[in-house]
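Shown next: work.cif, containing mmCIF, C-alpha atoms and all ligand atoms.
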```cif
data_query
#
loop_
_atom_site.label_atom_id
_atom_site.label_comp_id
_atom_site.auth_asym_id
_atom_site.auth_seq_id
_atom_site.Cartn_x
_atom_site.Cartn_y
_atom_site.Cartn_z
CA MET A 1 21.19 -14.04 1.38
CA ILE A 2 18.29 -15.46 -0.50
CA ASN A 3 14.96 -13.74 -0.10
CA GLU A 4 12.27 -15.69 1.68
CA SER A 5 9.98 -15.43 -1.34
CA PRO A 6 8.77 -18.85 -2.50
CA LEU A 7 9.11 -17.52 -6.05
CA PHE A 8 12.89 -17.89 -5.74
CA SER A 9 12.85 -21.37 -4.23
CA LYS A 10 10.34 -22.57 -6.79
CA ALA A 11 12.55 -21.33 -9.62
CA LEU A 12 15.75 -22.86 -8.23
CA PRO A 13 15.33 -26.19 -10.09
CA ILE A 14 15.26 -24.25 -13.38
CA ILE A 15 18.62 -22.65 -12.61
CA GLU A 16 19.98 -26.01 -11.46
CA ASP A 17 18.88 -27.77 -14.65
CA ILE A 18 20.52 -25.12 -16.81
CA LYS A 19 23.73 -25.30 -14.79
CA LYS A 20 23.78 -29.11 -14.95
CA ALA A 21 23.68 -28.79 -18.72
CA GLY A 22 26.89 -26.74 -18.48
CA TYR A 23 25.68 -23.15 -18.76
CA GLU A 24 25.43 -20.20 -16.39
CA ALA A 25 22.09 -19.06 -15.01
CA TYR A 26 21.12 -16.30 -12.56
CA PHE A 27 18.20 -14.40 -11.18
CA VAL A 28 18.37 -10.90 -12.66
CA GLY A 29 16.75 -7.48 -12.73
CA GLY A 30 13.81 -6.31 -10.66
CA CYS A 31 13.50 -9.44 -8.52
CA VAL A 32 17.06 -9.13 -7.19
CA ARG A 33 16.56 -5.42 -6.52
CA ASP A 34 13.28 -6.03 -4.69
CA ALA A 35 14.71 -8.95 -2.72
CA LEU A 36 17.54 -6.75 -1.45
CA LEU A 37 15.01 -4.09 -0.52
CA ASN A 38 12.94 -6.70 1.28
CA LYS A 39 9.98 -5.95 -0.93
CA GLU A 40 7.48 -8.39 -2.24
CA ILE A 41 8.60 -10.03 -5.47
CA ASN A 42 6.15 -10.05 -8.39
CA ASP A 43 7.98 -12.41 -10.70
CA VAL A 44 11.46 -13.72 -11.16
CA ASP A 45 13.49 -13.33 -14.32
CA ILE A 46 16.22 -15.80 -15.13
CA ALA A 47 19.12 -14.96 -17.42
CA THR A 48 21.43 -17.56 -18.91
CA SER A 49 24.46 -18.05 -21.09
CA ALA A 50 22.56 -20.82 -22.94
CA PHE A 51 21.23 -19.74 -26.32
CA PRO A 52 17.47 -20.15 -26.88
CA ALA A 53 17.81 -23.42 -28.77
CA GLU A 54 20.03 -24.73 -25.99
CA VAL A 55 17.46 -23.74 -23.35
CA LYS A 56 14.80 -25.55 -25.33
CA ALA A 57 16.94 -28.65 -25.50
CA ILE A 58 17.24 -28.75 -21.69
CA PHE A 59 13.53 -28.65 -20.82
CA PRO A 60 10.86 -30.96 -22.22
CA LYS A 61 8.18 -28.25 -22.21
CA THR A 62 8.88 -24.76 -23.48
CA ILE A 63 7.02 -22.03 -25.34
CA ASP A 64 8.64 -19.47 -27.63
CA VAL A 65 7.32 -16.25 -26.17
CA GLY A 66 9.91 -13.86 -27.51
CA ILE A 67 12.57 -16.00 -28.99
CA GLU A 68 13.90 -13.22 -31.22
CA HIS A 69 14.75 -11.38 -27.99
CA GLY A 70 16.10 -14.55 -26.47
CA THR A 71 13.18 -15.32 -24.14
CA VAL A 72 11.90 -18.86 -23.79
CA MET A 73 9.11 -19.76 -21.41
CA VAL A 74 9.84 -22.93 -19.48
CA LEU A 75 6.97 -24.98 -18.06
CA LYS A 76 7.81 -27.01 -15.01
CA ASN A 77 5.68 -28.33 -12.13
CA ASP A 78 2.64 -26.42 -13.40
CA GLU A 79 4.52 -23.12 -13.28
CA THR A 80 6.01 -20.99 -16.02
CA TYR A 81 9.39 -19.30 -15.95
CA GLU A 82 10.89 -16.80 -18.37
CA VAL A 83 14.44 -17.65 -19.25
CA THR A 84 16.31 -15.09 -21.32
CA THR A 85 19.66 -15.52 -22.99
CA PHE A 86 22.36 -12.99 -22.10
CA ARG A 87 22.29 -10.40 -24.83
CA THR A 88 23.61 -7.07 -25.95
CA GLU A 89 21.67 -4.59 -27.99
CA SER A 90 23.48 -2.80 -30.74
CA THR A 91 23.15 0.11 -33.13
CA TYR A 92 20.13 2.00 -31.93
CA GLN A 93 19.17 4.32 -34.74
CA ASP A 94 15.78 5.59 -33.73
CA PHE A 95 16.09 6.22 -29.98
CA ARG A 96 13.90 3.24 -29.20
CA ARG A 97 14.32 -0.40 -29.92
CA PRO A 98 17.71 -1.81 -30.74
CA ASP A 99 18.25 -2.66 -34.39
CA GLN A 100 19.82 -5.90 -33.44
CA VAL A 101 19.85 -8.18 -30.45
CA VAL A 102 23.03 -10.18 -30.14
CA PHE A 103 23.16 -13.22 -27.88
CA VAL A 104 26.32 -13.43 -25.81
CA ARG A 105 27.86 -15.77 -23.25
CA SER A 106 28.88 -13.04 -20.80
CA LEU A 107 26.75 -11.96 -17.85
CA ASN A 108 28.67 -8.69 -17.64
CA GLU A 109 27.70 -7.80 -21.21
CA ASP A 110 24.06 -8.53 -20.41
CA LEU A 111 24.00 -6.44 -17.25
CA LYS A 112 25.79 -3.56 -19.01
CA ARG A 113 22.84 -2.99 -21.34
CA ARG A 114 20.35 -2.66 -18.49
CA ASP A 115 18.96 0.75 -17.59
CA PHE A 116 19.86 1.55 -13.98
CA THR A 117 22.50 0.22 -11.61
CA VAL A 118 19.84 -1.05 -9.19
CA ASN A 119 18.34 -3.05 -12.05
CA ALA A 120 21.68 -4.41 -13.21
CA LEU A 121 22.15 -6.91 -10.39
CA ALA A 122 22.27 -10.68 -10.69
CA MET A 123 21.98 -13.34 -8.00
CA THR A 124 23.27 -16.88 -8.00
CA GLN A 125 21.20 -19.82 -6.83
CA ASP A 126 23.00 -19.58 -3.47
CA GLY A 127 21.90 -16.00 -3.01
CA GLU A 128 25.25 -14.42 -3.84
CA VAL A 129 24.72 -11.03 -5.45
CA ILE A 130 26.76 -10.12 -8.51
CA ASP A 131 27.17 -6.40 -8.74
CA PHE A 132 29.38 -5.03 -11.53
CA PHE A 133 28.07 -1.46 -11.41
CA ASP A 134 27.85 -0.65 -7.72
CA GLY A 135 24.09 -1.20 -7.73
CA VAL A 136 24.02 -2.48 -4.14
CA ASN A 137 25.56 0.76 -2.93
CA ASP A 138 23.05 2.78 -4.93
CA LEU A 139 20.26 0.65 -3.46
CA LYS A 140 21.53 1.46 0.03
CA ASN A 141 21.67 5.14 -0.81
CA GLY A 142 18.31 5.15 -2.57
CA LEU A 143 19.78 6.30 -5.86
CA ILE A 144 18.57 5.83 -9.44
CA LYS A 145 21.66 6.02 -11.60
CA ALA A 146 22.11 5.02 -15.23
CA VAL A 147 24.52 2.20 -16.02
CA GLY A 148 27.45 3.89 -17.80
CA SER A 149 26.92 7.18 -19.59
CA PRO A 150 23.34 8.39 -19.02
CA GLU A 151 23.31 10.39 -22.24
CA GLU A 152 24.31 7.37 -24.31
CA ARG A 153 21.79 5.17 -22.53
CA PHE A 154 18.95 7.61 -23.18
CA PHE A 155 19.98 7.97 -26.80
CA GLU A 156 19.80 4.20 -27.13
CA ASP A 157 16.33 4.04 -25.65
CA ALA A 158 14.54 7.23 -24.66
CA LEU A 159 11.93 5.31 -22.66
CA ARG A 160 14.61 4.86 -20.00
CA MET A 161 14.11 8.52 -19.02
CA MET A 162 10.49 7.76 -18.18
CA ARG A 163 11.55 4.57 -16.42
CA GLY A 164 13.98 6.63 -14.33
CA VAL A 165 11.28 8.93 -12.97
CA ARG A 166 8.98 5.97 -12.44
CA PHE A 167 11.61 4.18 -10.31
CA VAL A 168 12.12 7.39 -8.30
CA SER A 169 8.43 7.20 -7.48
CA GLN A 170 8.07 3.43 -7.18
CA LEU A 171 11.10 2.94 -4.93
CA ASN A 172 10.87 6.39 -3.31
CA PHE A 173 14.48 7.01 -4.34
CA ILE A 174 16.26 10.11 -5.58
CA MET A 175 17.94 10.49 -8.95
CA ASP A 176 21.67 10.72 -9.38
CA SER A 177 22.62 14.22 -10.58
CA GLU A 178 24.35 13.19 -13.83
CA THR A 179 21.39 11.00 -14.76
CA LYS A 180 19.00 13.83 -13.96
CA LYS A 181 21.05 16.28 -16.00
CA ALA A 182 20.92 13.98 -19.00
CA ILE A 183 17.12 13.77 -18.79
CA HIS A 184 16.90 17.56 -18.56
CA ILE A 185 18.94 17.86 -21.73
CA HIS A 186 17.39 15.04 -23.74
CA HIS A 187 13.75 15.01 -22.57
CA ALA A 188 12.50 15.73 -26.10
CA LEU A 189 13.72 12.29 -27.26
CA LEU A 190 10.67 10.89 -25.51
CA GLU A 191 8.69 12.07 -28.51
CA LYS A 192 10.04 9.03 -30.41
CA ILE A 193 8.53 6.55 -28.01
CA ALA A 194 5.18 4.82 -28.48
CA VAL A 195 2.50 6.06 -26.07
CA GLU A 196 1.69 2.51 -24.95
CA ARG A 197 5.20 2.08 -23.57
CA ILE A 198 5.12 5.51 -21.90
CA GLN A 199 1.76 4.74 -20.34
CA VAL A 200 3.08 1.63 -18.56
CA GLU A 201 5.76 3.71 -16.88
CA PHE A 202 3.47 6.69 -16.21
CA ILE A 203 0.94 4.55 -14.37
CA LYS A 204 3.68 2.98 -12.25
CA LEU A 205 4.89 6.53 -11.51
CA LEU A 206 1.39 7.55 -10.38
CA LEU A 207 1.03 4.47 -8.18
CA GLY A 208 4.40 4.79 -6.48
CA GLU A 209 4.86 5.86 -2.89
CA GLY A 210 7.29 8.56 -4.00
CA ARG A 211 4.70 10.01 -6.38
CA GLN A 212 5.48 13.58 -5.39
CA LYS A 213 9.20 13.23 -6.07
CA GLY A 214 8.63 11.32 -9.29
CA LEU A 215 6.10 13.79 -10.61
CA ASN A 216 8.23 16.78 -9.69
CA LEU A 217 11.06 15.31 -11.67
CA PHE A 218 8.68 14.50 -14.50
CA VAL A 219 7.62 18.16 -14.61
CA GLU A 220 11.02 19.73 -13.89
CA SER A 221 12.73 17.71 -16.61
CA GLU A 222 9.91 18.65 -19.01
CA LEU A 223 9.28 15.02 -19.90
CA TYR A 224 5.61 15.85 -19.35
CA LEU A 225 5.61 18.00 -22.48
CA TYR A 226 5.99 14.84 -24.57
CA CYS A 227 3.13 12.99 -22.93
CA PRO A 228 -0.40 13.21 -24.31
CA GLY A 229 -2.60 16.01 -23.04
CA LEU A 230 -0.24 17.32 -20.36
CA ALA A 231 1.48 20.28 -22.04
CA GLY A 232 0.16 23.48 -20.47
CA TYR A 233 -0.71 21.76 -17.19
CA GLN A 234 2.53 22.28 -15.29
CA LYS A 235 0.88 24.00 -12.31
CA GLU A 236 -1.88 21.43 -12.05
CA LEU A 237 0.58 18.54 -12.21
CA VAL A 238 2.64 19.97 -9.38
CA CYS A 239 -0.53 20.51 -7.38
CA PHE A 240 -1.62 16.94 -8.14
CA SER A 241 1.73 15.63 -6.91
CA THR A 242 1.08 17.13 -3.47
CA LEU A 243 -2.32 15.49 -2.95
CA ARG A 244 -2.12 13.01 -0.13
CA ASN A 245 -4.23 11.76 2.70
CA SER A 246 -3.39 11.56 6.37
CA GLN A 247 -1.76 8.15 5.97
CA ASN A 248 0.20 9.37 2.96
CA HIS A 249 -1.46 6.53 1.15
CA LYS A 250 -0.49 5.38 -2.26
CA LEU A 251 -3.07 5.46 -5.01
CA MET A 252 -4.46 1.97 -5.23
CA SER A 253 -5.32 1.37 -8.88
CA SER A 254 -4.99 2.76 -12.40
CA LEU A 255 -8.64 3.78 -12.19
CA SER A 256 -7.97 5.84 -9.07
CA ALA A 257 -4.82 7.29 -10.55
CA TRP A 258 -6.41 8.45 -13.79
CA THR A 259 -9.47 9.77 -11.97
CA LEU A 260 -7.55 11.87 -9.47
CA LEU A 261 -5.21 13.10 -12.18
CA LEU A 262 -8.09 14.24 -14.38
CA PHE A 263 -9.79 15.87 -11.42
CA ALA A 264 -6.59 17.76 -10.58
CA LEU A 265 -6.21 18.85 -14.20
CA GLY A 266 -9.74 20.26 -14.03
CA LYS A 267 -10.99 17.98 -16.83
CA LYS A 268 -14.72 17.53 -17.27
CA GLU A 269 -16.54 14.28 -17.91
CA ASP A 270 -16.81 15.00 -21.62
CA GLU A 271 -13.06 15.54 -21.93
CA VAL A 272 -12.16 12.15 -20.48
CA ASN A 273 -12.61 10.27 -23.71
CA LEU A 274 -10.20 12.33 -25.77
CA PHE A 275 -7.60 12.51 -23.02
CA LEU A 276 -7.53 8.80 -22.21
CA ARG A 277 -7.80 7.80 -25.86
CA SER A 278 -4.67 9.78 -26.54
CA TRP A 279 -3.02 7.75 -23.76
CA LYS A 280 -4.26 4.59 -25.53
CA CYS A 281 -6.34 3.45 -22.57
CA SER A 282 -8.85 0.67 -23.07
CA LYS A 283 -12.51 1.45 -23.71
CA ARG A 284 -13.38 -0.18 -20.41
CA MET A 285 -10.93 2.02 -18.52
CA ILE A 286 -12.28 5.15 -20.23
CA GLN A 287 -15.83 4.19 -19.31
CA GLN A 288 -14.93 3.57 -15.69
CA VAL A 289 -12.92 6.78 -15.32
CA LYS A 290 -15.82 8.78 -16.76
CA ILE A 291 -18.15 7.37 -14.11
CA ALA A 292 -15.60 7.83 -11.33
CA LEU A 293 -14.75 11.41 -12.28
CA LYS A 294 -18.39 12.38 -12.38
CA ALA A 295 -19.02 10.72 -9.01
CA LEU A 296 -15.94 12.34 -7.46
CA THR A 297 -17.04 15.78 -8.62
CA ILE A 298 -20.50 15.24 -7.13
CA ARG A 299 -19.10 13.79 -3.90
CA THR A 300 -16.91 16.83 -3.27
CA LYS A 301 -20.14 18.85 -3.08
CA GLN A 302 -22.74 16.58 -1.52
CA PRO A 303 -23.19 13.45 0.57
CA LEU A 304 -23.37 9.99 -0.89
CA ASP A 305 -26.88 8.90 -1.87
CA ASP A 306 -28.56 5.78 -3.25
CA LEU A 307 -28.81 7.06 -6.77
CA LEU A 308 -25.14 8.04 -7.06
CA LEU A 309 -24.16 4.66 -5.63
CA TYR A 310 -26.50 2.80 -7.98
CA GLN A 311 -25.48 4.77 -11.08
CA SER A 312 -21.75 4.51 -10.37
CA GLY A 313 -21.69 0.95 -9.03
CA TYR A 314 -20.24 -0.17 -5.71
CA GLU A 315 -16.72 -0.97 -6.93
CA ILE A 316 -16.21 2.42 -8.53
CA ILE A 317 -17.82 4.46 -5.76
CA ARG A 318 -15.64 2.71 -3.19
CA GLU A 319 -12.55 3.97 -5.01
CA VAL A 320 -14.13 7.42 -5.26
CA GLU A 321 -14.68 7.47 -1.48
CA GLU A 322 -10.99 6.65 -0.99
CA LEU A 323 -10.04 9.44 -3.38
CA LEU A 324 -11.96 11.98 -1.31
CA THR A 325 -9.37 11.57 1.42
CA PHE A 326 -6.75 12.89 -0.99
CA LEU A 327 -8.86 16.04 -1.34
CA ASN A 328 -9.12 16.65 2.41
CA LYS A 329 -12.68 15.34 2.48
CA THR A 330 -14.03 12.50 4.56
CA ALA A 331 -14.74 9.12 3.06
CA ASP A 332 -17.96 7.63 4.30
CA LEU A 333 -17.28 3.94 3.94
CA SER A 334 -19.74 2.79 6.60
CA ARG A 335 -22.55 4.75 4.96
CA LEU A 336 -21.51 3.29 1.61
CA GLN A 337 -21.70 -0.21 3.03
CA LYS A 338 -25.09 0.45 4.59
CA LEU A 339 -26.56 2.00 1.44
CA ASN A 340 -25.21 -0.81 -0.66
CA ASN A 341 -26.79 -3.44 1.57
CA GLN A 342 -30.12 -1.64 1.37
CA LEU A 343 -30.12 -0.99 -2.37
CA PRO A 344 -33.30 -2.63 -3.78
CA ILE A 345 -31.66 -3.38 -7.13
CA LYS A 346 -28.05 -3.31 -8.30
CA ASP A 347 -28.72 -3.47 -12.01
CA LYS A 348 -31.38 -2.55 -14.59
CA LYS A 349 -31.81 -6.24 -15.33
CA GLU A 350 -33.29 -6.78 -11.86
CA ILE A 351 -36.33 -4.55 -12.52
CA ALA A 352 -39.46 -6.68 -12.09
CA VAL A 353 -41.04 -5.52 -15.36
CA THR A 354 -39.71 -5.64 -18.89
CA GLY A 355 -40.42 -3.50 -21.94
CA PHE A 356 -42.73 -6.28 -23.17
CA ASP A 357 -44.77 -6.07 -19.97
CA LEU A 358 -45.28 -2.34 -20.52
CA LEU A 359 -46.22 -2.78 -24.20
CA ALA A 360 -48.82 -5.36 -23.25
CA TYR A 361 -50.13 -3.40 -20.28
CA PHE A 362 -50.61 -0.14 -22.19
CA ASP A 363 -51.45 -1.91 -25.44
CA ALA A 364 -49.13 0.52 -27.22
CA LYS A 365 -46.42 0.54 -29.87
CA PRO A 366 -42.78 0.81 -28.87
CA GLY A 367 -41.33 4.33 -28.94
CA LYS A 368 -39.34 6.83 -26.99
CA TRP A 369 -41.89 6.60 -24.16
CA LEU A 370 -40.89 3.05 -23.36
CA GLY A 371 -37.27 3.80 -22.51
CA GLU A 372 -38.30 6.89 -20.58
CA ALA A 373 -40.82 4.91 -18.56
CA LEU A 374 -38.25 2.22 -17.74
CA ASP A 375 -35.77 4.91 -16.66
CA LYS A 376 -38.35 6.45 -14.35
CA ILE A 377 -39.22 3.05 -12.89
CA GLU A 378 -35.54 2.35 -12.27
CA VAL A 379 -34.99 5.62 -10.38
CA ALA A 380 -38.20 5.20 -8.36
CA ILE A 381 -37.18 1.69 -7.28
CA VAL A 382 -33.67 2.81 -6.32
CA LEU A 383 -35.09 5.74 -4.30
CA GLY A 384 -37.53 3.40 -2.58
CA GLU A 385 -40.59 5.16 -4.01
CA ILE A 386 -42.00 1.88 -5.27
CA ASN A 387 -41.37 -1.76 -4.49
CA ASN A 388 -39.70 -3.78 -7.15
CA GLU A 389 -42.81 -5.86 -7.87
CA LYS A 390 -44.67 -6.04 -11.15
CA GLU A 391 -48.08 -5.06 -9.79
CA ALA A 392 -46.73 -2.20 -7.70
CA ILE A 393 -44.80 -0.83 -10.66
CA LEU A 394 -47.70 -1.00 -13.10
CA SER A 395 -50.15 0.62 -10.74
CA TRP A 396 -47.59 3.32 -9.91
CA LEU A 397 -47.28 3.98 -13.64
CA SER A 398 -51.02 4.24 -14.25
CA THR A 399 -52.01 6.23 -11.18
CA THR A 400 -49.36 8.84 -11.72
CA ASP A 401 -48.66 10.76 -14.84
CA LYS A 402 -45.48 8.87 -15.62
CA VAL A 403 -46.07 7.60 -19.11
CA ASN A 404 -46.16 9.74 -22.23
CA ILE A 405 -47.23 7.46 -25.03
P1 LIG B 1 8.87 -4.01 -11.99
O1 LIG B 1 8.97 -4.45 -10.59
O2 LIG B 1 8.09 -2.76 -12.12
O3 LIG B 1 8.47 -5.06 -12.97
P2 LIG B 1 11.44 -4.33 -13.23
O4 LIG B 1 12.80 -3.79 -12.85
O5 LIG B 1 11.25 -5.80 -13.17
O6 LIG B 1 10.38 -3.57 -12.35
P3 LIG B 1 10.75 -4.52 -15.97
O7 LIG B 1 10.19 -3.47 -16.86
O8 LIG B 1 9.94 -5.71 -15.66
O9 LIG B 1 11.16 -3.76 -14.64
O10 LIG B 1 12.15 -4.96 -16.60
C1 LIG B 1 12.93 -6.04 -16.10
C2 LIG B 1 14.42 -5.70 -16.17
O11 LIG B 1 14.79 -5.54 -17.55
C3 LIG B 1 14.82 -4.40 -15.48
O12 LIG B 1 15.09 -4.58 -14.12
C4 LIG B 1 16.03 -3.98 -16.27
O13 LIG B 1 17.17 -4.68 -15.85
C5 LIG B 1 15.71 -4.46 -17.69
N1 LIG B 1 15.04 -3.44 -18.54
C6 LIG B 1 13.72 -3.31 -18.77
N2 LIG B 1 13.46 -2.32 -19.63
C7 LIG B 1 14.64 -1.79 -19.97
C8 LIG B 1 15.06 -0.73 -20.85
N3 LIG B 1 14.18 -0.02 -21.53
N4 LIG B 1 16.39 -0.51 -20.97
C9 LIG B 1 17.29 -1.25 -20.29
N5 LIG B 1 16.97 -2.24 -19.45
C10 LIG B 1 15.67 -2.52 -19.28
MG MG B 2 9.41 -6.88 -13.86
#
```

Represent the structure of the file as C-alpha cells.
Amino acid sequence: MINESPLFSKALPIIEDIKKAGYEAYFVGGCVRDALLNKEINDVDIATSAFPAEVKAIFPKTIDVGIEHGTVMVLKNDETYEVTTFRTESTYQDFRRPDQVVFVRSLNEDLKRRDFTVNALAMTQDGEVIDFFDGVNDLKNGLIKAVGSPEERFFEDALRMMRGVRFVSQLNFIMDSETKKAIHIHHALLEKIAVERIQVEFIKLLLGEGRQKGLNLFVESELYLYCPGLAGYQKELVCFSTLRNSQNHKLMSSLSAWTLLLFALGKKEDEVNLFLRSWKCSKRMIQQVKIALKALTIRTKQPLDDLLLYQSGYEIIREVEELLTFLNKTADLSRLQKLNNQLPIKDKKEIAVTGFDLLAYFDAKPGKWLGEALDKIEVAIVLGEINNEKEAILSWLSTTDKVNI
C-alpha cells in the first residue's frame, strides 16, 4: 500500500539509489503514520543503513545539514530530501538531548529510539510497512503509546511528554494508560527543556483537531505548570479547551491560537509582550497578537467599523472575525469584505499629504503638532470625513481647529 502522495513517488529514486549501492533505505516516522491514516503528507523522511559519508558518496549533490546527527540533504531533480543514518542515542544525562549519537546498521535499533509506536513505523519502497512495536494496531485504535518503557523514554528526553499530548490533539487520539501515568509522575522533568522546543509542540497541540483532549491531558498531567505564564490558569485553560464553533473548526494559525488563548486567560493588551516573550515568540508574532487581541476584545462588544479594520489590517481582522465564532458570536465576513473594498486608504503611506507639505503650508517648525495633525488626517480620511486629496486635506485643516502649532 503506497500512499498516493507524489512526495513518496518523487522520493523513490533516492531510496533506489541507496539500495543499488548496497544499503538499506526506508521511509520512516511521521510520513508513514500519516500515509496509513490517509492524511496529507508534509514531508518524507528517509532512513538508511548507509553512514553519512557513504550517503554523500552515492549522490553527486548533497549538503551537510546535520551531519553530526546523521542527516544529509540530498539534492536531486531540483528537490531536496533528508536522508538520516540509522542511529541510537545513548547516555542521556540531562533529560534532554542524548550525550552521544551512535550510527548503526540496524533499522530495529533506529526505530526503538523513536518516541511513540505510531511514529516508529518504516515503509519499504514497495509500500510494505515494517512495524516492530505494534504501531499499526495502535494507529487503528487511535492510541499514543511510548515505545518501550514510558518512564525510561521520558527520562531520556522529557520533551516527549509534550509531544505525546500534542499527538493526542493533532491526531485526535487517546493516550495509552501506562504512558499517561508516566507523564503524571514525571511532568516536572519538562522544566529541563528549552522553551523553544516546548513551543513547537504547544502550538501543534493548539492547532490540532483534538485540542480539547490534548489540553485536558496537558492540564491534568500538570505539564502546564512547567510552561511559561500558565501556572495558576488551570480553570481558564480548561475553559479555553472547550471553545469551539458550530463546525468544531480547528484553529487555523499560530496567530489565532495565541490570540484566543490570551483572550481565554483574560490577558490584556499590555500583558501580551511579557507572556509571548517568555514563550520566545518572534517580535512580529507579538506585534500581530497584540493587534488581534485588542481587535477581538473590541469586536466582542461592538460591530466592525472602518477604523478598527484600518488599524488592525485586513489579514488580522479576518482571523479575528473567525475567532468570534469560537466565542459564540457571529463573524461578519461579508461586511468585512465590503468595508475593505471601500476603505479609502490601507496604509499611512497613501495619505495625499506629507509632513513636508504641512510644514510648508503652515510655514512652521516641526514639533508634536505635526504628528498629531497627520494622525487626525489619517482618521478623517478613513472615516470618509475628507477626501484623500491634497487640497481637500489642507483646507479641512485650516477651516477647522485641527492644528495646534
Ligand atoms: P509532524 O507531522 O508534526 O512533523 P512527525 O512525526 O514527523 O510529525 P517530527 O517532529 O517531524 O514529527 O519528527 C519526525 C520523527 O522523528 C517522529 O515521527 C519520530 O519518529 C522521531 N522523533 C522526533 N522527535 C523525537 C523525540 N524527541 N524522541 C524520539 N523520537 C523523535
Ligand atoms: Mg515531521

Would you mind reading off the distance between CA of Glu350 in chain A and CA of Ile317 in chain A, one decimal, in Å?
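Pair CA of Glu350 in chain A / CA of Ile317 in chain A returns 20.1 Å.
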
Can you pull out every residue within 10 Å of His187 in chain A, counting all atoms listed in the file, but drop anything in the same chain fewer than 3 positions away, and send it as a list in words?
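Residues near the query, excluding close chain neighbours: Phe154, Ala158, Leu159, Met161, Met162, Lys181, Ala182, Ile183, His184, Leu190, Glu191, Phe218, Ser221, Glu222, Leu223, Tyr224, Leu225 and Tyr226 of chain A.
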
Enumerate as a ChimeraX atom specification the residues within 10 Å of ligand LIG 1 (chain B), counting only C-alpha atoms and all ligand atoms.
/A:28-34,39-45,89,96-98,110-122,146-147,153-154,156-164,166-167,170-171,197,200-201,204-205

Looking at A:Ala257, A:Leu262, A:Ile174, A:Leu207, which one is nearest to Gly229 in chain A, with distances taken over all atoms listed in the file?
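The answer is A:Leu262, which sits nearest to Gly229 in chain A.
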
Can you tell me how far CA of Leu293 in chain A sits from CA of Lys368 in chain A, in Å to one decimal?
29.0 Å

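Distances to ligand MG 2 (chain B) were evaluated for A:Leu304, A:Leu309, A:Leu37, A:Ile46 using all atoms listed in the file, and the minimum falls at A:Ile46.
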
So which residues are close to (26.6, -10.6, -24.1), meaning at most 12 Å away in the file's coordinates with all atoms listed in the file counted, and can you show them as a PDB file with C-alpha atoms, keeping the file's coordinate frame?
```pdb
ATOM      1  CA  ALA A  47      19.120 -14.960 -17.420  1.00  0.00           C
ATOM      2  CA  THR A  48      21.430 -17.560 -18.910  1.00  0.00           C
ATOM      3  CA  SER A  49      24.460 -18.050 -21.090  1.00  0.00           C
ATOM      4  CA  ALA A  50      22.560 -20.820 -22.940  1.00  0.00           C
ATOM      5  CA  PHE A  51      21.230 -19.740 -26.320  1.00  0.00           C
ATOM      6  CA  GLY A  70      16.100 -14.550 -26.470  1.00  0.00           C
ATOM      7  CA  THR A  84      16.310 -15.090 -21.320  1.00  0.00           C
ATOM      8  CA  THR A  85      19.660 -15.520 -22.990  1.00  0.00           C
ATOM      9  CA  PHE A  86      22.360 -12.990 -22.100  1.00  0.00           C
ATOM     10  CA  ARG A  87      22.290 -10.400 -24.830  1.00  0.00           C
ATOM     11  CA  THR A  88      23.610  -7.070 -25.950  1.00  0.00           C
ATOM     12  CA  GLU A  89      21.670  -4.590 -27.990  1.00  0.00           C
ATOM     13  CA  SER A  90      23.480  -2.800 -30.740  1.00  0.00           C
ATOM     14  CA  VAL A 101      19.850  -8.180 -30.450  1.00  0.00           C
ATOM     15  CA  VAL A 102      23.030 -10.180 -30.140  1.00  0.00           C
ATOM     16  CA  PHE A 103      23.160 -13.220 -27.880  1.00  0.00           C
ATOM     17  CA  VAL A 104      26.320 -13.430 -25.810  1.00  0.00           C
ATOM     18  CA  ARG A 105      27.860 -15.770 -23.250  1.00  0.00           C
ATOM     19  CA  SER A 106      28.880 -13.040 -20.800  1.00  0.00           C
ATOM     20  CA  LEU A 107      26.750 -11.960 -17.850  1.00  0.00           C
ATOM     21  CA  ASN A 108      28.670  -8.690 -17.640  1.00  0.00           C
ATOM     22  CA  GLU A 109      27.700  -7.800 -21.210  1.00  0.00           C
ATOM     23  CA  ASP A 110      24.060  -8.530 -20.410  1.00  0.00           C
ATOM     24  CA  LEU A 111      24.000  -6.440 -17.250  1.00  0.00           C
ATOM     25  CA  LYS A 112      25.790  -3.560 -19.010  1.00  0.00           C
ATOM     26  CA  ARG A 113      22.840  -2.990 -21.340  1.00  0.00           C
ATOM     27  CA  ARG A 114      20.350  -2.660 -18.490  1.00  0.00           C
TER      28      ARG A 114
END
```

How many Å lie between CA of Lys250 in chain A and CA of Glu209 in chain A, rounded to one decimal?
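According to the coordinates, CA of Lys250 in chain A and CA of Glu209 in chain A are separated by 5.4 Å.
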
Do you know which residues are at most 10 Å from Leu230 in chain A counting only C-alpha atoms, after dropping those on the same chain fewer than 6 positions away, and could you put them as an mmCIF file with C-alpha atoms, in the frame of the given file?
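The resulting around16.cif:
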```
data_model
loop_
_atom_site.group_PDB
_atom_site.id
_atom_site.type_symbol
_atom_site.label_atom_id
_atom_site.label_comp_id
_atom_site.auth_asym_id
_atom_site.auth_seq_id
_atom_site.Cartn_x
_atom_site.Cartn_y
_atom_site.Cartn_z
ATOM 1 C CA VAL A 219 7.620 18.160 -14.610
ATOM 2 C CA LEU A 223 9.280 15.020 -19.900
ATOM 3 C CA TYR A 224 5.610 15.850 -19.350
ATOM 4 C CA GLU A 236 -1.880 21.430 -12.050
ATOM 5 C CA LEU A 237 0.580 18.540 -12.210
ATOM 6 C CA LEU A 265 -6.210 18.850 -14.200
ATOM 7 C CA PHE A 275 -7.600 12.510 -23.020
#
```

Tell me which residues come within 6 Å of (4.3, 12.6, -3.6), as JSON, numbers by chain, counting only C-alpha atoms in the file's coordinates.
{"A": [210, 211, 212, 213, 241, 242]}

So which residues touch Phe173 in chain A within 9 Å, counting all atoms listed in the file, skipping near sequence neighbours fewer than 4 positions away, as number ranges by chain?
A: 139, 141-144, 167-169, 210, 213-214

I'd like to know which of A:Gly367, A:Pro344, A:Gly266, A:Pro6 is closest to Ile381 in chain A, using only C-alpha atoms.
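Selected residue with least distance to Ile381 in chain A: A:Pro344.
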
Long-range neighbours of range 357-365 of chain A as a list in words, 9 Å cut-off, only C-alpha atoms, 3 positions minimum in chain:
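In the requested format, the answer is Val353, Thr354, Leu370, Ala373, Leu374, Lys390, Leu394 and Ile405 of chain A.
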
So which residues touch Lys301 in chain A within 12 Å, counting all atoms listed in the file, skipping near sequence neighbours fewer than 5 positions away, as a ChimeraX atom specification?
/A:294-296,324,327,329-330
